[in-house]
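S.K.: Questions regarding the structure given below will be posed in turn.
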Amino acid sequence: MIKLRLILVLLLLVQAGFAQTAKTDVYYLLKPDRVFDGEQMREGWQVLVQNDKIEAVGKLNHVPATAKIIDLKGKTLLPGLIEGHSHLFLHPYNETSWNDQVLMESRAERAVRAANHAKATLLAGFTTVRDLGTEGAGYDDVGLKQAIEKGVIPGPRMLIATEAIVASGSYGPKELNYEIETPIGAAVADGMDGLTREVRKQIGKGADLIKVYADYRWGLNSSAQPTFTLEELKKIVEVANSSGRPVVAHAATPEGMRRAILAGVATIEHGDNATPEIYRLMKKHNVALCPTLAAGDAITQYRGWKKGIDPEPERIQLKRKNFAAALDAGVKIIMGGDVGVFTHGDNAREIELMVDYGMKPLDVLRAATAVNAEVFGIATTAGSIKPGLLADLIAVDGKPLADIRQIRNVAFVMKGGKVYKE
């Protein structure tokens, strides 16, 4: 009996091994007019995909006979775009204010919306997002990320911050009577011990990075003022970096930015009132800027600006000036629009504005692909078209370097070798 059982076990192992070796590789041959590889535009290139990775690129002579050919004539192939600043659990503020989303929408509703937002983002050609806080939805981004990874719903790869960290008294909502304790749209923590616990808690829950509000509108007359001290920010960075995780900082005041940069954050989000001194400090410490031009553009229109008809408001003029100064200073600029303030799937709005505000189209495409991948620590898997990287690929009509608006005309989306749009 024992010998019979051993024979059966051996037969099962042999069958399993045969099934494994007999697994058929899946090949795709993509034939566009041109390929943007993350650095340069290449004419006449093709891309061979094997299973979930890029197998070969260039002018290919040897292609497996089983490869499925996808003709992308008239189109440009690019790495899947990377959204650098997203909030999948928010929807446009002209539909529902931020306060009301946090206070009045159920977590179930917000999760359903987030799933829809994830799909819209992917189909718009953004195969990876850095999602910088659930804004009152706790750790639901962890579950959303897992659902996408398991194939339960379609969506981009996610780098998540869970709950942003804020100082006591600084964040909202605050619209109710001051005697009433309301839910806060972030995690409140103070002091060395409190911040250490909160960072470690978020890491344990599944955060890929830590986001901190280095300043906020909590000064006199609701002016933006720094929140955490330099030493507190250093502690956040120390604890996060010890686990291999970066820290990103919301910052719009020169002092908030100065403290965040000296503390060792990886990126400054927004940076609206940066000075030449701040830009020099950012370059010295290799801190990247995520300018979120589209958020300011959208909010200003929500408040009544008729774009293309009315003169540009002071806020937009200042943003243009600051963006130009960052370019002149040689600050590393990444692409991220603060999507959620405006519609998910409209992520290309930031790309268009970066060109409109003075950045060269080639540099903008680099920012949305290889540069974002480098800054986010994922360059070994995404952001470029080269052998060995994940087959996250999109194709758009026409020539985006000639007309950046073509980046909206997404005709093909592949993520991990799976076609989501053709």
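Each chain of the structure tokens is named A, B, ... in the order shown, its residues numbered from 1; ligands are numbered from 1 in display order.
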Per DSSP on the backbone, what are the helix (DSSP H, G or I) residues of range 140-266 of chain A, as JSON, numbers by chain?
M.R.: {"A": [140, 141, 142, 143, 144, 145, 146, 147, 148, 149, 191, 192, 193, 194, 195, 196, 197, 198, 199, 200, 201, 202, 203, 204, 205, 220, 221, 222, 230, 231, 232, 233, 234, 235, 236, 237, 238, 239, 240, 241, 254, 255, 256, 257, 258, 259, 260, 261, 262, 263]}
S.K.: Within 7 Å of range 337-343 of chain A, counting only C-alpha atoms, which residues qualify if same-chain residues fewer than 2 places away don't, as an MDAnalysis selection string?
M.R.: chainID A and resid 85:88 90:93 292:295 298 335 345:347 350
S.K.: Which neighbours of Ala266 in chain A fall inside 6 Å, counting only C-alpha atoms, when residues of the same chain fewer than 2 positions from it are skipped, and could you give them as a list of chain:residue names?
M.R.: A:Val247, A:Val248, A:Val287
S.K.: Would you save the residues from that selection as a PDB file, in the first residue's frame, using N, CA and C atoms?
M.R.:
ATOM      1  N   VAL A 247       9.339  59.601   1.535  1.00  0.00           N
ATOM      2  CA  VAL A 247       8.340  60.527   2.080  1.00  0.00           C
ATOM      3  C   VAL A 247       8.119  61.625   1.059  1.00  0.00           C
ATOM      4  N   VAL A 248       6.850  61.971   0.826  1.00  0.00           N
ATOM      5  CA  VAL A 248       6.516  63.092  -0.055  1.00  0.00           C
ATOM      6  C   VAL A 248       5.799  64.138   0.779  1.00  0.00           C
ATOM      7  N   VAL A 287      15.614  66.922  -4.821  1.00  0.00           N
ATOM      8  CA  VAL A 287      14.190  66.795  -4.506  1.00  0.00           C
ATOM      9  C   VAL A 287      13.394  67.209  -5.738  1.00  0.00           C
TER      10      VAL A 287
END
S.K.: Could you tell me how far CA of Gly417 in chain A lies from CA of Leu393 in chain A, in Å and to one decimal?
M.R.: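 About the pair CA of Gly417 in chain A and CA of Leu393 in chain A: they are 8.4 Å apart.
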S.K.: In Å, rounded to a single decimal, give me how far CA of Ile54 in chain A is from CA of Leu390 in chain A.
M.R.: 6.1 Å
